[in-house]
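These notes are about the structure you will find just below.
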Amino acid sequence: MSARPPPARPHIAIHPSTYGSRTEWADEDAWDSASDSDEEPPKASSSRVQPRQVPRTKQNTSPDGIAGASTSTLAFSFTQISKPSSYPPNNGWTIVKTKTGSSPPPPDNSPDEPNGDADVEGDMILGDLDPDAMEPMDIMPPAHSKSRTDKGIIRDDINDIVDDPLRGVKHRARRTEHSPRPSPPTSPENAERSEKLMRERSIRTNRRHKFVECLSSQDVNIAELRKLAWAGIPSDIRPMAWQLLLGYLPLPKPLRVATLTRKRGEYLSLVQLAFARDREGQDQQIWHQIEIDVPRTRPGVRLWMHGATQRALERILYVWAIRHPASGYVQGINDLVTPFFQVFLSAYIDSDPETFDPGTLPARALEAVEADSFWCLSRLLDGIQDNYIFAQPGIQRSVRRMAELVARIDAPLSAHLDTQNVEFMQFAFRWMNCLLMREISVRNTIRMWDTYLAEGPDAFSQFHLYVCSAFLVKWSDKLRQMDFQGIIMFLQSLPTQDWGDHEIEMLLSEAFVLNSIWHNAQSHFIGKK
Amino acid sequence: MTEGSNYDYLFKVVLIGDSGVGKSYVLAILLSRFTRNEFNLESKSTIGVEFATRSIDVDGKTVKAQIWDTAGQERYRAITSAYYRGAVGALLVYDIAKHATYVNVTRWLKELRDHADANIVIMLVGNKSDLKHLRAVPTDEAKGFSSENGLSFIETSALDASNVESAFQTILTDIYRIVSSKSLEQATNQVEMPTAGATIDPSGSGNNAAQGSKCC
């Protein structure tokens, strides 16, 4: 993350409407289904969850039923004791008493809380466990054991995190804080560099503290979280922060366990329903397209080549598609699942998700990753559904607006594209359809979504338009030297391979400025609507 | 800046057909994008359209093709059909191992009738001919269908690269023959064709070397 702070978005009240209540996401009117907006905790609203064309009655997904069956209510849970490289062999599963219970963990805002594990580097084991409470009962097989090849990568407190995302955040916050200090300076330059490093580290630590504090409160202040998230979210905090920003995870702490349990249960029954019925007509077409596209999702990246990931992706896409018949599955939506899946998976492991085989996760955790990805994808798509319905009017509108905007902010470029007969639709269609995911890396996308999610529910259509415009104008000098063929070929494979957070943050800042200037100046645009 | 700004003819050709039949692979072969062992890698699905060019010699003339590789999914039709405008050739691809992709050829032909020039040269391409054991569309059937509908026909395998080059050569040669004879006979007709002049040659606004050349 760049040390240069990007604009502090919320200080400028350009369109304060973005900073409303957390129900905003739900207010987005879905084109053909409002069924995803039932996140408000107390009601399970089983009638809304039911897909419209499904003739069968839905299985019982009442919160009580699910909560009752959930392991989250058990005082004991199965925890995998992993084997850190430096440790004597200690494999196998052990039943340990954890602090996970039906009640949320006691509030503690201090990341420094003495928790029996002062040796913070040893976080791989016993992180949140009370050592005295450990009982050597390794005769018991693990509840959801699978191949354990990734032992040591999967976090030992995985079950706690499944139930309460905050567990993951706090756990790591403590670890990071005690991460190795820079080695003592040996020369003046080194001293200077290390001082700079220290400063950057301290800025980071400071930001992290703010995040941890914000997320640890009994009722998360969403405005505060947005303000923080705009400038980027630390990777271990991201899974929880995204879920809060999307309105998937309830802001009040006491509601979270029950909501997560209910939503995950609902997703499971949606999957069962979807796959229980015969695939005919449109369903068959949808399935066929998904089957073709799943192996083409991030080809070559190990995570996405694993069967477990691909099956999960198939289910996510298919369930979403049959619940949204006006759009169905449209190519490119598969890309949009990947940031969610990777980010949520990262909460449970201590390695790079892209090289991880999720088949080795305990089933419970994998189900959580899948269900959370599904609901968060649904939230995101709610805001851009008209990108994917017949004739894709959302995209057509965005591309048109983008062309108008570019004509205002970079007239020479606009004129050049015009004389070369380059139409915006020829390149920007994909920018809108896949939210620039074909133009920048997933890593870049994830950073970008921190800001989008902080911007609010409109960001994936509105703010994105400004990002795309800034993105095009970035290449203005080059493009103006090119002819039709050169322009199209260049825009088709842009040199963003080396882009890091810095470049993305520059882009977001430029988009922010454009948004501030133009968003309330609609009459400047040539075209109406 | 761009490869081969010297050419005698510039033809726009679209690659169409159902999703997953291998259009982008065909294109990748034409552009020599693959080395052999890269082939097993799946490539991402095409979103909207992708653009490429490739030049070949026909009768001592340099013929340059602008190839628009389109996304196969139905939902994209509204967008992609805009790219048929000005196309003088179409490679209509199906998968010989998937009968449904052959059945849909009729729908693709209708698409072309609705959105492309009436004179467009169409070649039916049965791809994945390496999948002999899975063949679902007999060669003779497709051949018969093609001659009934005035299409040329070829079977290709993007996997072993067989016939891909030859398919491309054939369609460009066909277009070249039609265009070079037509330019004498039907000079008036050309005016209406959006393929003429600057429309098909977007860089033809005076800055390239193809000054004296004809654009179909």
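Every chain in the structure tokens takes a letter, A first, then B, and so on in the order presented; its residues are numbered from 1, and the ligands are numbered from 1 following the presented order.
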Could you make a table, as CSV, of the residues of chain A that have an atom within 6 Å of an atom of chain B, each with its nearest atom pair and distance in Å to one decimal, counting only C-alpha atoms, in chain and number order?
residue,atom,partner,partner_atom,distance
A:Arg296,CA,B:Lys44,CA,4.9
A:Pro299,CA,B:Glu42,CA,5.7
A:Ala391,CA,B:Ala78,CA,5.3
A:Gln420,CA,B:Pro202,CA,5.6
A:Asn421,CA,B:Pro202,CA,5.7
A:Arg430,CA,B:Ile47,CA,5.9
A:Asp483,CA,B:Ser203,CA,5.8
A:Phe484,CA,B:Ser203,CA,5.7
A:Gly486,CA,B:Thr2,CA,5.8
Which of stretch 42-196 of chain B DSSP labels strand (DSSP E), written as a ChimeraX atom specification: /B:49-58,61-70,89-95,121-127,152-155
Selection near stretch 59-61 of chain B, 12 Å with only C-alpha atoms, sequence-local residues under 5 positions removed, as a PyMOL selection string: chain B and resi 6-10+169+172-174+176-177+180+210+213-214
Would you export the selected residues with C-alpha atoms as a PDB file, in the first residue's frame, please?
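Generated file (selection27.pdb):
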ATOM      1  CA  ASN B   6       1.356  -1.885 -46.917  1.00  0.00           C
ATOM      2  CA  TYR B   7      -1.446  -3.843 -48.404  1.00  0.00           C
ATOM      3  CA  ASP B   8      -3.486  -3.948 -51.551  1.00  0.00           C
ATOM      4  CA  TYR B   9      -6.747  -5.033 -50.068  1.00  0.00           C
ATOM      5  CA  LEU B  10      -8.240  -4.803 -46.625  1.00  0.00           C
ATOM      6  CA  GLN B 169      -6.520 -18.755 -47.312  1.00  0.00           C
ATOM      7  CA  LEU B 172      -9.714 -14.572 -48.369  1.00  0.00           C
ATOM      8  CA  THR B 173      -9.094 -15.862 -51.859  1.00  0.00           C
ATOM      9  CA  ASP B 174     -12.831 -16.230 -52.441  1.00  0.00           C
ATOM     10  CA  TYR B 176     -10.580 -11.436 -53.367  1.00  0.00           C
ATOM     11  CA  ARG B 177     -11.967 -13.079 -56.500  1.00  0.00           C
ATOM     12  CA  SER B 180     -11.759  -7.995 -57.974  1.00  0.00           C
ATOM     13  CA  ALA B 210      -2.168   1.870 -49.470  1.00  0.00           C
ATOM     14  CA  SER B 213      -5.125   0.400 -53.595  1.00  0.00           C
ATOM     15  CA  LYS B 214      -8.665  -0.718 -53.821  1.00  0.00           C
TER      16      LYS B 214
END
Residue contacts of stretch 353-355 of chain A (9 Å, only C-alpha atoms) excluding same-chain residues fewer than 5 positions away, as an MDAnalysis selection string: chainID A and resid 301:304 342:343 345:346
Output the selection as a short mmCIF file (atom, residue, chain, number, x, y, z; two decimals), in the first residue's frame - C-alpha atoms for each residue.
data_model
loop_
_atom_site.label_atom_id
_atom_site.label_comp_id
_atom_site.auth_asym_id
_atom_site.auth_seq_id
_atom_site.Cartn_x
_atom_site.Cartn_y
_atom_site.Cartn_z
CA VAL A 301 -4.03 -20.20 -11.58
CA ARG A 302 -3.87 -23.23 -9.33
CA LEU A 303 -6.70 -22.28 -7.03
CA TRP A 304 -9.09 -22.07 -9.97
CA GLN A 342 -10.10 -15.49 -2.87
CA VAL A 343 -10.56 -12.83 -0.23
CA LEU A 345 -10.72 -17.98 1.51
CA SER A 346 -7.73 -15.99 2.71
#
DSSP alpha helix (DSSP H) residues within stretch 109-174 of chain B, as a ChimeraX atom specification: /B:109-115,139-148,164-174
Please produce an output containing C-alpha atoms for each residue in the selection, written as a CSV table (one decimal), in the first residue's frame.
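Result saved to out_15.csv:
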chain,number,residue,atom,x,y,z
B,109,LEU,CA,-26.9,-17.6,-40.8
B,110,LYS,CA,-30.0,-15.7,-40.0
B,111,GLU,CA,-28.0,-13.3,-37.8
B,112,LEU,CA,-25.7,-12.7,-40.8
B,113,ARG,CA,-28.7,-12.2,-43.1
B,114,ASP,CA,-30.2,-9.7,-40.7
B,115,HIS,CA,-27.0,-7.7,-39.9
B,139,THR,CA,-18.7,-34.5,-42.6
B,140,ASP,CA,-21.1,-35.3,-45.5
B,141,GLU,CA,-24.1,-33.8,-43.7
B,142,ALA,CA,-22.3,-30.5,-43.1
B,143,LYS,CA,-20.9,-30.6,-46.7
B,144,GLY,CA,-24.4,-31.1,-48.1
B,145,PHE,CA,-25.8,-28.3,-45.9
B,146,SER,CA,-23.1,-26.0,-47.1
B,147,SER,CA,-23.7,-26.5,-50.7
B,148,GLU,CA,-27.4,-26.1,-50.3
B,164,VAL,CA,-6.9,-23.6,-40.1
B,165,GLU,CA,-4.4,-21.8,-42.4
B,166,SER,CA,-6.1,-23.3,-45.4
B,167,ALA,CA,-9.6,-22.2,-44.3
B,168,PHE,CA,-8.3,-18.7,-44.0
B,169,GLN,CA,-6.5,-18.8,-47.3
B,170,THR,CA,-9.6,-20.1,-49.0
B,171,ILE,CA,-12.0,-17.5,-47.6
B,172,LEU,CA,-9.7,-14.6,-48.4
B,173,THR,CA,-9.1,-15.9,-51.9
B,174,ASP,CA,-12.8,-16.2,-52.4
Residue neighbourhood stretch 118-122 of chain B, 6 Å, only C-alpha atoms, exclusion window fewer than 2 positions, as a PyMOL selection string: chain B and resi 88-90+151
Export of prior selection with C-alpha atoms as an mmCIF file, in the first residue's frame:
data_model
loop_
_atom_site.group_PDB
_atom_site.id
_atom_site.type_symbol
_atom_site.label_atom_id
_atom_site.label_comp_id
_atom_site.auth_asym_id
_atom_site.auth_seq_id
_atom_site.Cartn_x
_atom_site.Cartn_y
_atom_site.Cartn_z
ATOM 1 C CA VAL B 88 -17.047 -9.110 -46.303
ATOM 2 C CA GLY B 89 -16.328 -12.535 -44.875
ATOM 3 C CA ALA B 90 -17.521 -14.717 -42.030
ATOM 4 C CA LEU B 151 -21.341 -21.688 -48.131
#
One-decimal distance in Å that lies between atom CA of B:Val93 and atom CA of B:Thr156: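 Answer for the atom CA of B:Thr156 to atom CA of B:Val93 separation: 9.5 Å.
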Who sits within 12 Å of A:Trp320, only C-alpha atoms, same chain under 2 positions skipped, as an MDAnalysis selection string: chainID A and resid 32:33 35:36 49 51 267 270:271 274 283 286:287 290 313:318 322:330 333:334 337 371 373:382 385
For the residues selected in the previous step, produce a file with C-alpha atoms as a PDB file, in the first residue's frame.
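As written to disk, selection26.pdb reads:
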ATOM      1  CA  ASP A  32     -36.159  -9.612 -11.522  1.00  0.00           C
ATOM      2  CA  SER A  33     -35.650 -10.575  -7.995  1.00  0.00           C
ATOM      3  CA  SER A  35     -34.883 -11.933  -2.990  1.00  0.00           C
ATOM      4  CA  ASP A  36     -31.324 -11.115  -2.138  1.00  0.00           C
ATOM      5  CA  VAL A  49     -35.957 -16.685  -0.678  1.00  0.00           C
ATOM      6  CA  PRO A  51     -37.071 -18.835  -6.408  1.00  0.00           C
ATOM      7  CA  TYR A 267     -27.555 -20.816   0.451  1.00  0.00           C
ATOM      8  CA  LEU A 270     -30.901 -22.885  -2.508  1.00  0.00           C
ATOM      9  CA  VAL A 271     -28.221 -25.119  -3.929  1.00  0.00           C
ATOM     10  CA  ALA A 274     -31.477 -25.614  -7.787  1.00  0.00           C
ATOM     11  CA  ASP A 283     -31.881 -23.686 -17.194  1.00  0.00           C
ATOM     12  CA  ILE A 286     -27.491 -21.512 -18.436  1.00  0.00           C
ATOM     13  CA  TRP A 287     -25.878 -24.637 -17.104  1.00  0.00           C
ATOM     14  CA  ILE A 290     -21.472 -22.138 -16.942  1.00  0.00           C
ATOM     15  CA  LEU A 313     -17.988 -21.683  -8.719  1.00  0.00           C
ATOM     16  CA  GLU A 314     -20.488 -23.707 -10.725  1.00  0.00           C
ATOM     17  CA  ARG A 315     -22.932 -23.748  -7.842  1.00  0.00           C
ATOM     18  CA  ILE A 316     -22.554 -20.042  -7.118  1.00  0.00           C
ATOM     19  CA  LEU A 317     -23.114 -19.079 -10.740  1.00  0.00           C
ATOM     20  CA  TYR A 318     -25.947 -21.488 -11.381  1.00  0.00           C
ATOM     21  CA  ILE A 322     -31.694 -19.281 -12.072  1.00  0.00           C
ATOM     22  CA  ARG A 323     -32.748 -16.839  -9.401  1.00  0.00           C
ATOM     23  CA  HIS A 324     -32.280 -13.978 -11.854  1.00  0.00           C
ATOM     24  CA  PRO A 325     -33.959 -15.193 -15.016  1.00  0.00           C
ATOM     25  CA  ALA A 326     -33.974 -11.786 -16.714  1.00  0.00           C
ATOM     26  CA  SER A 327     -30.240 -11.887 -16.988  1.00  0.00           C
ATOM     27  CA  GLY A 328     -29.351 -15.472 -16.329  1.00  0.00           C
ATOM     28  CA  TYR A 329     -25.676 -16.218 -16.408  1.00  0.00           C
ATOM     29  CA  VAL A 330     -23.681 -13.854 -18.582  1.00  0.00           C
ATOM     30  CA  ILE A 333     -19.947 -12.789 -14.087  1.00  0.00           C
ATOM     31  CA  ASN A 334     -17.631 -15.720 -13.446  1.00  0.00           C
ATOM     32  CA  VAL A 337     -16.832 -14.169  -8.251  1.00  0.00           C
ATOM     33  CA  ALA A 371     -21.966 -19.113   0.652  1.00  0.00           C
ATOM     34  CA  SER A 373     -19.091 -15.389  -1.932  1.00  0.00           C
ATOM     35  CA  PHE A 374     -22.542 -16.101  -3.308  1.00  0.00           C
ATOM     36  CA  TRP A 375     -24.316 -13.544  -1.155  1.00  0.00           C
ATOM     37  CA  CYS A 376     -21.687 -10.877  -1.682  1.00  0.00           C
ATOM     38  CA  LEU A 377     -21.701 -11.473  -5.425  1.00  0.00           C
ATOM     39  CA  SER A 378     -25.481 -11.106  -5.319  1.00  0.00           C
ATOM     40  CA  ARG A 379     -25.106  -7.789  -3.526  1.00  0.00           C
ATOM     41  CA  LEU A 380     -22.670  -6.514  -6.098  1.00  0.00           C
ATOM     42  CA  LEU A 381     -24.769  -7.663  -9.041  1.00  0.00           C
ATOM     43  CA  ASP A 382     -27.914  -6.120  -7.590  1.00  0.00           C
ATOM     44  CA  GLN A 385     -28.107  -6.001 -13.122  1.00  0.00           C
TER      45      GLN A 385
END
Contacts of A:Ile504 within 9 Å, only C-alpha atoms, excl. fewer than 2 positions in-chain, as a ChimeraX atom specification: /A:444-445,447-448,499-502,506-509
Separation of atom CA of A:His416 from atom CA of A:Leu472 in Å: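 Interatomic distance here is 13.0 Å.
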Point-to-point distance from atom CA of A:Tyr348 to atom CA of A:Gln310, Å rounded to tenths: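 Rounded to one decimal, the two atoms are 18.6 Å apart.
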